[in-house]
Amino acid sequence: MTDINVKDLYGRMLRIRRAEQEIAKRYSEEQMRCPVHLSIGQEGAAVGVAMSLEPKDLMVSTHRAHAHYLAKGGRLTGLICELYGKADGCARGQGGSMHLVDWNVNFAASTSIVGGTIPVGVGLAFGSFLKKEKQVTAVCIGDAAIEEGVFHEAANFASLHKLPVLFVSENNLYSCYTHLNDRQPQRPLTDIAHGHGMRHLTLDGNDCRSIVGEVRPLVESIRRGEGPAFLELQTYRQLEHCGPNNDDHLGYRGADEISSWIDQDPLNIVQRQLEVSNEWTPEFVAEIEAKVTREVQEAFEFATKAPFPTREELGAYIYASH
Amino acid sequence: MTDINVKDLYGRMLRIRRAEQEIAKRYSEEQMRCPVHLSIGQEGAAVGVAMSLEPKDLMVSTHRAHAHYLAKGGRLTGLICELYGKADGCARGQGGSMHLVDWNVNFAASTSIVGGTIPVGVGLAFGSFLKKEKQVTAVCIGDAAIEEGVFHEAANFASLHKLPVLFVSENNLYSCYTHLNDRQPQRPLTDIAHGHGMRHLTLDGNDCRSIVGEVRPLVESIRRGEGPAFLELQTYRQLEHCGPNNDDHLGYRGADEISSWIDQDPLNIVQRQLEVSNEWTPEFVAEIEAKVTREVQEAFEFATKAPFPTREELGAYIYASH
Amino acid sequence: MRVIKFVEAIREATDQLLAADKSVYMIGEGVPDPKSIFGTTANLKEKYPDQVFDMPIAENGLTGVAIGSALNGMKPIMVHQRMDFTLYAMDQIVNNAAKWYSMFGGQKSVPLVVRMIIGRGWGQGNQHSQNLEMLYSHIPGLKVVSPSSAYAAKGLLADAVNDPNPVIFIEHRWLHNTTSDVPEELYTVPIGKARTALKGNDITIVCWSYANLEVMKACEFLTNQGLSPEVIDMQTLRPMDLPAVKESVRKTGRLLVVDDAWKFGSLAGEIIASIAEDDSIQLKSNPRRLTYPDFPSPSTHALAKYYYNGPHEIVKMVGEVMKKELKLDEVMHYQAARTHDVPDQNFKGPF
Amino acid sequence: MRVIKFVEAIREATDQLLAADKSVYMIGEGVPDPKSIFGTTANLKEKYPDQVFDMPIAENGLTGVAIGSALNGMKPIMVHQRMDFTLYAMDQIVNNAAKWYSMFGGQKSVPLVVRMIIGRGWGQGNQHSQNLEMLYSHIPGLKVVSPSSAYAAKGLLADAVNDPNPVIFIEHRWLHNTTSDVPEELYTVPIGKARTALKGNDITIVCWSYANLEVMKACEFLTNQGLSPEVIDMQTLRPMDLPAVKESVRKTGRLLVVDDAWKFGSLAGEIIASIAEDDSIQLKSNPRRLTYPDFPSPSTHALAKYYYNGPHEIVKMVGEVMKKELKLDEVMHYQAARTHDVPDQNFKGPF
Ligand SMILES: Cc1ncc(C[n+]2csc(CCOP(=O)(O)OP(=O)(O)O)c2C)c(N)n1
Ligand SMILES: Cc1ncc(C[n+]2csc(CCOP(=O)(O)OP(=O)(O)O)c2C)c(N)n1
Ligand SMILES: [Mg+2]
Ligand SMILES: [Mg+2]
């Protein structure tokens with residue numbers, strides 16, 4: 001793990017955290033008029049996976065995609081403009097929070113139908129396979145998405161053809177307000193991957209550094225043609241399922257559960273690692289906070305001032321032309 | 001296994017075999033005008049499972065359903081009339097070979113969309129569960145049906161609620177002309193069941209007696225509420241995928257493979273067992289052949305003479321009324 | 001009478017149906033959770049623990065499960081928070097539920113109710129705002145209802161649950177907080193019957209679901225100008241009460257269908273075709289329809305604003321059918337002053 | 001010119017498309033097997049081993065895979081032996097393929113062709129004989145074609161594969177063994193253009209796919225009686241060439257649409273509605289449609305016999321639209337002498 005730049009990981013996670021905190025803060029202004037599923041608490045998984053990939057590798061995600069999009073290198077202004085419905089949004093405002101894309105950094109898509117991008121991700125990898133390109137696709141999903149049959153259809157096909165796919169299931173224990181135990185039998189999630197003849201790995205989804213350490217070699221084996229793999233990253237969503245608030249007063253999850261996960265916040269974990277290595281200096285903290293805050297403030301400033309798409313764009317994207 | 005009446009098993013398999021042979025023989029007369037997927041070679045599995053159930057237990061099946069329907073006790077005339085499109089068919093001719101039903105013997109349905117009856121079978125069991133009835137549902141499928149996502153969705157739900165379901169996958173190695181290895185990664189089929197937290201068992205699908213020996217206690221444990229189980233029965237379809245002929249000249253399966261399976265014909269296996277126990281007497285053979293042949297001939301005679309539904313039945317089953 | 005919200009009417013009907021018949025059960029993603037499907041299932045799990053269920057995200061499989069349980073004596077009510085999700089379940093709905101009664105020669109039908117919610121506004125976008133009523137209304141063997149008021153919602157849900165056939169029950173999200181008189185006791189609004197929402201002589205406006213509210217609002221601006229529109233609220237989309245439409249059109253001689261769905265291949269088109277085919281009807285002008293444009297709704301409110309039809313567009317189209325210059329400024333101002341991407345000022349998203 | 005079968009035209013087009021562009025690939029259950037999708041994919045695997053694939057039975061997942069590969073530079077052609085099976089794939093087709101271009105603001109489209117085969121006869125029954133053209137034709141973002149001849153099949157397939165958008169390619173099983181003139185070289189029949197199959201003045205008969213054959217046969221019995229029907233073969237169902245229909249109807253003043261699908265909510269209805277709405281068209285009589293009845297086809301040939309429309313029903317309906325007593329015995333005898341549950345004497349089932 002000597003080549004892992006932990007300070008860099010911290011900076012990447014912090015960028016996502018501060019961006020989402022700003023979204024949460026400003027959401028009540030009612031100018032970001034689309035549903036937002038924040039990833040606060042899950043940044044370690046997103047950054048860990050993205051930093052295990054090469055830039056040419058592809059990624060797809062779900063309704064909860066901000067962290068994946070940003071971790072993969074997606075434009076922050078593209079994201080914030082998209083939330084504001086502006087023409088400079090990464091999907092020109094047509095998509096909203098749940099439909100992000102940035103082909104410049106090979107973030108291929110997030111969509112809002114649970115399970116919808118899973119076979120699409122496998123198809124991207126099938127494309128790489130057919131073109132004999134050494135490109136890996138990361139399919140980022142939640143813990144509930146594997147309940148959709150289409151996950152299994154896609155996993156079977158990926159395994160059959162040894163396609164270059166990394167399935168990443170961020171197990172945050174909930175599907176909206178429903179606990180895993182009310183949706184799936186009690187067995188390791190990864191047994192499903194085993195059932196499809198796939199390699200699998202379960203990791204602490206909040207420990208970004210060890211994710212990178214474990215997943216980089218896995219990605220390289222996938223790239224070499226050793227077949228797809230399934231990663232379970234155990235993590236926790238800190239805010240409500242959808243929206244800017246905390247909704248733990250609803251009582252669907254226990255106080256102990258919440259506090260133990262907050263203690264294991266991915267930023268805390270990396271902070272502790274940097275403390276151990278004496279890299280957690282006041283200068284570093286001040287510098288990275290300032291840098292990230294500046295970028296976030298600038299992005300919001302840009303987005304709030306940016307123009308909306310004009311009426312001509314309504315219905316402009318029905319068919320692509322030759 | 002002392003309480004297993006092997007002669008009875010032989011008689012039940014022979015009834016199915018002779019009925020299907022007669023279907024094959026007469027198919028070229030072009031009076032049975034619907035696709036037929038014969039089970040010749042797979043009768044051991046059907047009878048083995050059906051004889052492990054109680055009469056009150058339910059069964060669903062697929063496009064290849066003749067054996068299941070008859071093994072569960074379905075009316076032979078109902079089947080043959082259905083193939084001839086007659087009003088006395090078990091589905092009044094509306095269904096044809098792929099849509100069989102006989103609620104008198106709790107054969108709930110076979111349908112022609114691969115995977116289509118899997119969740120329906122789990123739902124029958126959910127009904128039993130809700131009504132607190134100690135009734136098991138056998139969901140009879142092929143080896144390819146588990147590729148459909150809906151299998152996984154149904155299996156997950158059955159496992160989650162410990163529903164009284166026995167999944168029976170008759171693994172005959174092919175989906176039409178496509179070998180298992182061209183459709184699924186190389187791993188035991190039962191790994192899939194394990195992935196869903198289900199008990200599983202792989203058996204020689206042609207050895208009817210040992211199926212009954214193994215599956216009866218399994219069914220009873222399911223009935224007691226110990227959760228669903230998945231049975232892989234390894235067997236072989238002797239004729240073409242669909243139709244009355246042998247199509248091995250098409251070269252999609254090897255001569256050695258075919259001959260070794262023919263040698264393991266389920267009737268042969270039981271015959272050998274009866275020879276060992278000295279029950280395979282000329283009298284027994286003559287008597288059972290005569291009995292079965294008579295029933296088959298009578299059913300065809302009945303069916304060929306039976307009336308077609310009248311034109312009034314066209315469009316008569318759009319909505320059920322209160 | 002007592003005035004309650006649409007969500008409360010659904011909740012109350014479900015409560016009473018669960019109480020009346022132990023074979024009725026309710027299932028769906030989030031049914032017992034604190035959000036309780038926009039309030040429509042609130043407290044039901046507590047009251048009927050053995051009849052109310054959450055489910056995994058597996059729309060097709062669970063629809064099949066519901067079908068199987070229905071064949072085994074139960075009467076499931078399934079709910080999907082968005083109609084868009086039900087595309088996963090088309091196989092079980094169309095190949096199984098719709099066909100069971102016919103493909104086995106009338107032996108067993110599937111008494112299943114599937115509630116589906118149409119989204120709108122607050123940036124829902126392409127995959128959370130589709131009205132797929134047509135995909136179900138085209139399918140023989142299904143019944144499809146689409147109530148426009150709390151009263152109709154309660155009565156149609158009761159009739160749907162008692163129907164031996166599969167019924168698709170379509171709710172527009174923007175109806176959820178609307179209110180109407182609703183009797184406390186359980187009653188039925190019969191499936192297959194349209195309702196005359198307004199009597200008139202000049203033009204027949206056919207609509208259903210949320211569009212009925214917009215049509216009724218438009219009619220205020222029409223009657224102000226001395227017009228007498230007749231409004232037929234279909235309530236059921238299949239089997240459709242075409243006789244009611246025809247009777248009205250025979251009287252008015254003019255037809256406008258307002259359908260919150262894509263135009264090409266819409267139910268609005270089906271209604272117009274049925275009238276056009278009928279030799280016994282003489283129209284005074286060409287029939288018309290007002291629908292969504294033929295593309296999905298964008299997320300950004302800056303464009304979604306122009307996507308939906310309101311009273312302004314309806315009044316304008318009535319003018320076209322009537323071949324009359326109608327005053328539009330009042331209705332235009334009314335509409336401009338309204339919120340356009342939320343149903344009311346209290347709605348703060350997200351879904 | 002060279003006369004070949006519809007299946008051979010599809011096979012040849014696929015062969016040429018695979019040869020011309022290495023990003024084209026063909027995938028489907030049974031594509032490389034000895035039955036080769038009714039012959040339409042014969043020997044392609046041998047010739048293009050890296051471009052031709054079998055697949056697991058997983059319609060939705062594999063549609064998603066095809067979509068993903070299309071986004072990554074490939075041009076997949078997927079095939080399903082029955083349209084009924086594609087209900088499993090509605091989510092990926094409608095929520096993803098159809099919307100990709102619009103929901104990401106025009107950044108990437110999905111150049112995917114999905115071939116779907118409509119079954120008929122030999123006891124296919126409820127789940128193997130559905131024509132679900134309407135379910136796809138209603139969806140913005142999709143293109144839908146439904147050729148009626150070997151010539152159109154080859155040309156439309158070529159145009160579909162070169163189209164940057166998802167195209168649903170509908171084949172009626174009973175067209176597979178029909179023949180027509182087909183050029184050897186690759187050519188395109190443009191998506192979105194109807195074809196005048198017969199010029200005439202008395203009535204416009206609109207049809208597509210297999211119905212076109214029945215209409216042309218019916219026209220023999222009509223012209224015998226001095227009538228001059230005009231036949232418009234739509235070829236593309238979405239985007240539809242309504243101007244071609246309108247031009248013809250303006251001339252004839254009469255319209256019959258023959259659609260091999262369920263009546264309620266049919267494309268036939270959409271066409272009639274589009275004509276009825278148009279103020280600039282004066283009809284001499286009410287437009288009509290001839291469709292499947294509103295229930296699924298039964299398996300037994302004893303009843304399927306009365307389910308489908310042939311030249312007899314078409315001639316009869318033309319008589320109604322023309323308000324003319326037409327002679328029916330000849331066409332009735334012709335139809336009675338034909339096989340009714342197989343396309344021709346050589347067909348021995350099973351699918
Ligand atoms: C097909 C479909 N069904 C239901 C939903 C509603 N829904 C949105 S997110 C979600 C929960 C997903 O849970 P998980 O996969 O664990 O992801 P998480 O939200 O925890 O990140 C549900 C049920 C949907 N968007 N699509
Ligand atoms: C959804 C669907 N896809 C494809 C088919 C065509 N089909 C009919 S049987 C069959 C093979 C099924 O194989 P398996 O499940 O192993 O059963 P077997 O035929 O071997 O008994 C296929 C692909 C179908 N009927 N339904
Ligand atoms: Mg989760
Ligand atoms: Mg098989």
# chains A, B, ... in the order shown; residues from 1 in each chain; ligands from 1
$ closest_atom_pairs --of "chain C" --to "ligand 2" --cutoff "12 Å" --atoms "only C-alpha atoms and all ligand atoms" --output "tab-separated table"
residue	atom	partner	partner_atom_place_in_ligand_line	distance
C:Asp91	CA	ligand 2	1 (C)	8.7
C:Gln92	CA	ligand 2	1 (C)	10.9
C:Asn95	CA	ligand 2	1 (C)	10.0
$ interface_residues --of "chain C" --to "chain A" --cutoff "7 Å" --atoms "only C-alpha atoms" --output "PyMOL selection string"
chain C and resi 30+33-34+55-58+85+122-125+127+295+298-303+349-351
$ select_by_dssp --residues "segment 42-194 of chain B" --states "alpha helix (DSSP H)" --output "PyMOL selection string"
chain B and resi 43-50+66-71+76-83+117-130+149-160+190-194
$ write_last_selection --atoms "C-alpha atoms" --output "PDB file, in the first residue's frame"
ATOM      1  CA  GLU B  43     -40.175 -39.369 -16.460  1.00  0.00           C
ATOM      2  CA  GLY B  44     -38.127 -40.429 -13.450  1.00  0.00           C
ATOM      3  CA  ALA B  45     -37.807 -36.884 -12.263  1.00  0.00           C
ATOM      4  CA  ALA B  46     -41.491 -36.104 -12.699  1.00  0.00           C
ATOM      5  CA  VAL B  47     -42.720 -39.239 -10.962  1.00  0.00           C
ATOM      6  CA  GLY B  48     -40.052 -39.045  -8.277  1.00  0.00           C
ATOM      7  CA  VAL B  49     -41.056 -35.538  -7.298  1.00  0.00           C
ATOM      8  CA  ALA B  50     -44.802 -36.110  -7.592  1.00  0.00           C
ATOM      9  CA  HIS B  66     -46.923 -33.624 -19.856  1.00  0.00           C
ATOM     10  CA  ALA B  67     -44.931 -35.744 -17.418  1.00  0.00           C
ATOM     11  CA  HIS B  68     -45.535 -33.438 -14.477  1.00  0.00           C
ATOM     12  CA  TYR B  69     -49.222 -33.183 -15.201  1.00  0.00           C
ATOM     13  CA  LEU B  70     -49.636 -36.945 -15.468  1.00  0.00           C
ATOM     14  CA  ALA B  71     -47.332 -37.733 -12.549  1.00  0.00           C
ATOM     15  CA  LEU B  76     -54.921 -38.551 -19.395  1.00  0.00           C
ATOM     16  CA  THR B  77     -58.005 -37.815 -21.483  1.00  0.00           C
ATOM     17  CA  GLY B  78     -57.752 -34.191 -20.374  1.00  0.00           C
ATOM     18  CA  LEU B  79     -54.217 -34.040 -21.724  1.00  0.00           C
ATOM     19  CA  ILE B  80     -54.871 -35.816 -25.006  1.00  0.00           C
ATOM     20  CA  CYS B  81     -58.044 -33.837 -25.687  1.00  0.00           C
ATOM     21  CA  GLU B  82     -56.073 -30.654 -24.994  1.00  0.00           C
ATOM     22  CA  LEU B  83     -53.519 -31.620 -27.636  1.00  0.00           C
ATOM     23  CA  THR B 117     -44.687 -20.030 -13.449  1.00  0.00           C
ATOM     24  CA  ILE B 118     -41.774 -19.714 -11.016  1.00  0.00           C
ATOM     25  CA  PRO B 119     -43.049 -16.711  -9.056  1.00  0.00           C
ATOM     26  CA  VAL B 120     -46.596 -17.980  -9.475  1.00  0.00           C
ATOM     27  CA  GLY B 121     -45.551 -21.194  -7.738  1.00  0.00           C
ATOM     28  CA  VAL B 122     -43.898 -19.201  -4.963  1.00  0.00           C
ATOM     29  CA  GLY B 123     -47.103 -17.192  -4.740  1.00  0.00           C
ATOM     30  CA  LEU B 124     -49.188 -20.337  -4.363  1.00  0.00           C
ATOM     31  CA  ALA B 125     -46.908 -21.195  -1.450  1.00  0.00           C
ATOM     32  CA  PHE B 126     -47.242 -17.665  -0.089  1.00  0.00           C
ATOM     33  CA  GLY B 127     -50.997 -18.246  -0.174  1.00  0.00           C
ATOM     34  CA  SER B 128     -50.600 -21.483   1.796  1.00  0.00           C
ATOM     35  CA  PHE B 129     -48.321 -19.657   4.228  1.00  0.00           C
ATOM     36  CA  LEU B 130     -50.804 -16.837   4.727  1.00  0.00           C
ATOM     37  CA  GLY B 149     -34.122 -12.933 -13.350  1.00  0.00           C
ATOM     38  CA  VAL B 150     -37.599 -13.756 -12.188  1.00  0.00           C
ATOM     39  CA  PHE B 151     -36.327 -17.046 -10.803  1.00  0.00           C
ATOM     40  CA  HIS B 152     -33.992 -15.149  -8.499  1.00  0.00           C
ATOM     41  CA  GLU B 153     -36.633 -12.676  -7.447  1.00  0.00           C
ATOM     42  CA  ALA B 154     -38.953 -15.539  -6.554  1.00  0.00           C
ATOM     43  CA  ALA B 155     -36.225 -17.575  -4.859  1.00  0.00           C
ATOM     44  CA  ASN B 156     -35.160 -14.616  -2.731  1.00  0.00           C
ATOM     45  CA  PHE B 157     -38.728 -14.057  -1.582  1.00  0.00           C
ATOM     46  CA  ALA B 158     -39.301 -17.744  -0.856  1.00  0.00           C
ATOM     47  CA  SER B 159     -36.108 -17.916   1.165  1.00  0.00           C
ATOM     48  CA  LEU B 160     -36.798 -14.656   2.999  1.00  0.00           C
ATOM     49  CA  THR B 190     -27.004 -25.518  -6.775  1.00  0.00           C
ATOM     50  CA  ASP B 191     -24.533 -22.747  -5.913  1.00  0.00           C
ATOM     51  CA  ILE B 192     -27.315 -20.428  -6.999  1.00  0.00           C
ATOM     52  CA  ALA B 193     -29.617 -21.899  -4.391  1.00  0.00           C
ATOM     53  CA  HIS B 194     -26.909 -21.513  -1.779  1.00  0.00           C
TER      54      HIS B 194
END
$ residues_near_ligand --ligand "ligand 3" --cutoff "7 Å" --atoms "only C-alpha atoms and all ligand atoms" --output "PDB file with N, CA, C and O atoms, in the first residue's frame"
ATOM      1  N   GLY A 142     -26.437  -0.449  -4.905  1.00  0.00           N
ATOM      2  CA  GLY A 142     -26.692  -0.557  -3.476  1.00  0.00           C
ATOM      3  C   GLY A 142     -26.822  -2.019  -3.070  1.00  0.00           C
ATOM      4  O   GLY A 142     -26.435  -2.923  -3.818  1.00  0.00           O
ATOM      5  N   ASP A 143     -27.355  -2.237  -1.897  1.00  0.00           N
ATOM      6  CA  ASP A 143     -27.565  -3.607  -1.436  1.00  0.00           C
ATOM      7  C   ASP A 143     -28.902  -4.158  -1.919  1.00  0.00           C
ATOM      8  O   ASP A 143     -29.088  -5.370  -2.017  1.00  0.00           O
ATOM      9  N   ALA A 144     -29.837  -3.263  -2.258  1.00  0.00           N
ATOM     10  CA  ALA A 144     -31.158  -3.740  -2.668  1.00  0.00           C
ATOM     11  C   ALA A 144     -31.208  -4.090  -4.157  1.00  0.00           C
ATOM     12  O   ALA A 144     -32.014  -4.909  -4.579  1.00  0.00           O
ATOM     13  N   GLU A 170     -22.604  -1.276  -2.502  1.00  0.00           N
ATOM     14  CA  GLU A 170     -22.437  -0.541  -1.254  1.00  0.00           C
ATOM     15  C   GLU A 170     -23.580  -0.935  -0.343  1.00  0.00           C
ATOM     16  O   GLU A 170     -24.722  -0.524  -0.533  1.00  0.00           O
ATOM     17  N   ASN A 171     -23.254  -1.787   0.603  1.00  0.00           N
ATOM     18  CA  ASN A 171     -24.274  -2.288   1.521  1.00  0.00           C
ATOM     19  C   ASN A 171     -24.420  -1.319   2.684  1.00  0.00           C
ATOM     20  O   ASN A 171     -23.645  -1.332   3.625  1.00  0.00           O
ATOM     21  N   ASN A 172     -25.440  -0.462   2.577  1.00  0.00           N
ATOM     22  CA  ASN A 172     -25.718   0.487   3.666  1.00  0.00           C
ATOM     23  C   ASN A 172     -26.905   0.016   4.498  1.00  0.00           C
ATOM     24  O   ASN A 172     -27.525   0.796   5.214  1.00  0.00           O
ATOM     25  N   LEU A 173     -27.213  -1.269   4.361  1.00  0.00           N
ATOM     26  CA  LEU A 173     -28.226  -1.954   5.179  1.00  0.00           C
ATOM     27  C   LEU A 173     -29.676  -1.604   4.870  1.00  0.00           C
ATOM     28  O   LEU A 173     -30.581  -2.319   5.289  1.00  0.00           O
ATOM     29  N   TYR A 174     -29.900  -0.536   4.126  1.00  0.00           N
ATOM     30  CA  TYR A 174     -31.282  -0.113   3.895  1.00  0.00           C
ATOM     31  C   TYR A 174     -31.600   0.077   2.419  1.00  0.00           C
ATOM     32  O   TYR A 174     -30.742   0.467   1.627  1.00  0.00           O
ATOM     33  N   SER A 175     -32.831  -0.182   2.120  1.00  0.00           N
ATOM     34  CA  SER A 175     -33.443   0.184   0.854  1.00  0.00           C
ATOM     35  C   SER A 175     -34.557   1.148   1.272  1.00  0.00           C
ATOM     36  O   SER A 175     -35.544   0.715   1.860  1.00  0.00           O
TER      37      SER A 175
END
$ closest_residue --among "A:Lys134, A:Arg12, A:Arg187, A:Lys25" --to "chain B" --atoms "only C-alpha atoms"
A:Arg187
$ interface_residues --of "chain D" --to "chain C" --cutoff "7 Å" --atoms "only C-alpha atoms" --output "list in words"
Leu87, Tyr88, Met90, Asp91, Asn95, Lys99, Met103, Asn126, Gln127, Leu135, His138, Pro140, Phe264, Gly265, Leu267, Gly269, Glu270, Ile272, Ala273, Ala276, Glu277, Asp278, Asp279, Asn286, Pro287, Arg288, Asp294, Phe295 and Pro296 of chain D
$ closest_residue --among "B:Asp256, B:Glu295, B:Glu283, B:Glu240" --to "ligand 4" --atoms "only C-alpha atoms and all ligand atoms"
B:Glu240
$ residues_around --residues "Gly227 of chain A" --least-positions-apart "5" --cutoff "8 Å" --atoms "only C-alpha atoms" --output "NGL selection string"
:A and (158-159 or 161-165 or 198 or 221-222)
$ write_last_selection --atoms "N, CA, C and O atoms" --output "tab-separated table (two decimals), in the first residue's frame"
chain	number	residue	atom	x	y	z
A	158	ALA	N	-21.99	-11.83	-17.44
A	158	ALA	CA	-20.62	-11.35	-17.20
A	158	ALA	C	-19.71	-12.51	-16.82
A	158	ALA	O	-18.58	-12.62	-17.30
A	159	SER	N	-20.23	-13.37	-15.98
A	159	SER	CA	-19.42	-14.50	-15.51
A	159	SER	C	-19.19	-15.50	-16.65
A	159	SER	O	-18.09	-16.02	-16.83
A	161	HIS	N	-18.98	-15.01	-19.84
A	161	HIS	CA	-18.01	-14.54	-20.84
A	161	HIS	C	-16.76	-13.94	-20.22
A	161	HIS	O	-15.96	-13.35	-20.92
A	162	LYS	N	-16.64	-14.07	-18.91
A	162	LYS	CA	-15.49	-13.50	-18.19
A	162	LYS	C	-15.27	-12.03	-18.60
A	162	LYS	O	-14.17	-11.62	-18.96
A	163	LEU	N	-16.34	-11.27	-18.52
A	163	LEU	CA	-16.26	-9.87	-18.93
A	163	LEU	C	-15.56	-9.03	-17.85
A	163	LEU	O	-15.61	-9.35	-16.67
A	164	PRO	N	-14.92	-7.95	-18.29
A	164	PRO	CA	-14.19	-7.09	-17.36
A	164	PRO	C	-15.12	-6.17	-16.56
A	164	PRO	O	-15.23	-4.98	-16.86
A	165	VAL	N	-15.79	-6.75	-15.58
A	165	VAL	CA	-16.75	-6.00	-14.77
A	165	VAL	C	-16.41	-6.13	-13.29
A	165	VAL	O	-16.13	-7.23	-12.81
A	198	MET	N	-18.58	-16.20	-9.51
A	198	MET	CA	-17.75	-14.99	-9.54
A	198	MET	C	-16.89	-14.89	-8.29
A	198	MET	O	-17.33	-15.28	-7.21
A	221	SER	N	-6.61	-7.85	-12.22
A	221	SER	CA	-6.88	-9.24	-12.62
A	221	SER	C	-8.10	-9.29	-13.54
A	221	SER	O	-8.15	-10.07	-14.48
A	222	ILE	N	-9.05	-8.45	-13.26
A	222	ILE	CA	-10.24	-8.38	-14.14
A	222	ILE	C	-9.79	-7.92	-15.52
A	222	ILE	O	-10.20	-8.46	-16.55
$ residues_around --residues "Ala66 of chain C" --least-positions-apart "2" --cutoff "10 Å" --atoms "only C-alpha atoms" --output "PyMOL selection string"
(chain B and resi 119-120+122-124+126-127) or (chain C and resi 25-27+60-64+68-72+74-78+92+97+110-114)
$ atom_distance --atom1 "atom CA of Leu231 of chain A" --atom2 "atom CA of Asp8 of chain A"
22.7 Å
$ atom_distance --atom1 "atom CA of His340 of chain D" --atom2 "atom CA of Val231 of chain D"
23.6 Å
$ residues_around --residues "Glu46 of chain C" --least-positions-apart "6" --cutoff "12 Å" --atoms "only C-alpha atoms" --output "list of chain:residue names"
C:Asp15, C:Val31, C:Pro32, C:Asp33, C:Pro34, C:Ser36, C:Val52, C:Phe53
$ write_last_selection --atoms "C-alpha atoms" --output "PDB file, in the first residue's frame"
ATOM      1  CA  ASP C  15     -58.248  -0.476   6.092  1.00  0.00           C
ATOM      2  CA  VAL C  31     -45.874  -0.173   2.529  1.00  0.00           C
ATOM      3  CA  PRO C  32     -45.122  -0.505   6.270  1.00  0.00           C
ATOM      4  CA  ASP C  33     -42.385   2.152   6.380  1.00  0.00           C
ATOM      5  CA  PRO C  34     -42.686   5.587   7.995  1.00  0.00           C
ATOM      6  CA  SER C  36     -46.256   4.651   4.080  1.00  0.00           C
ATOM      7  CA  VAL C  52     -49.587  -6.066   5.320  1.00  0.00           C
ATOM      8  CA  PHE C  53     -46.150  -6.623   3.810  1.00  0.00           C
TER       9      PHE C  53
END
$ atom_distance --atom1 "atom CA of Lys316 of chain C" --atom2 "atom CA of Met216 of chain C"
14.3 Å
$ residues_around --residues "Thr178 of chain D" --least-positions-apart "4" --cutoff "8 Å" --atoms "only C-alpha atoms" --output "VMD selection string"
chain D and resid 5 to 6 149 to 150 174
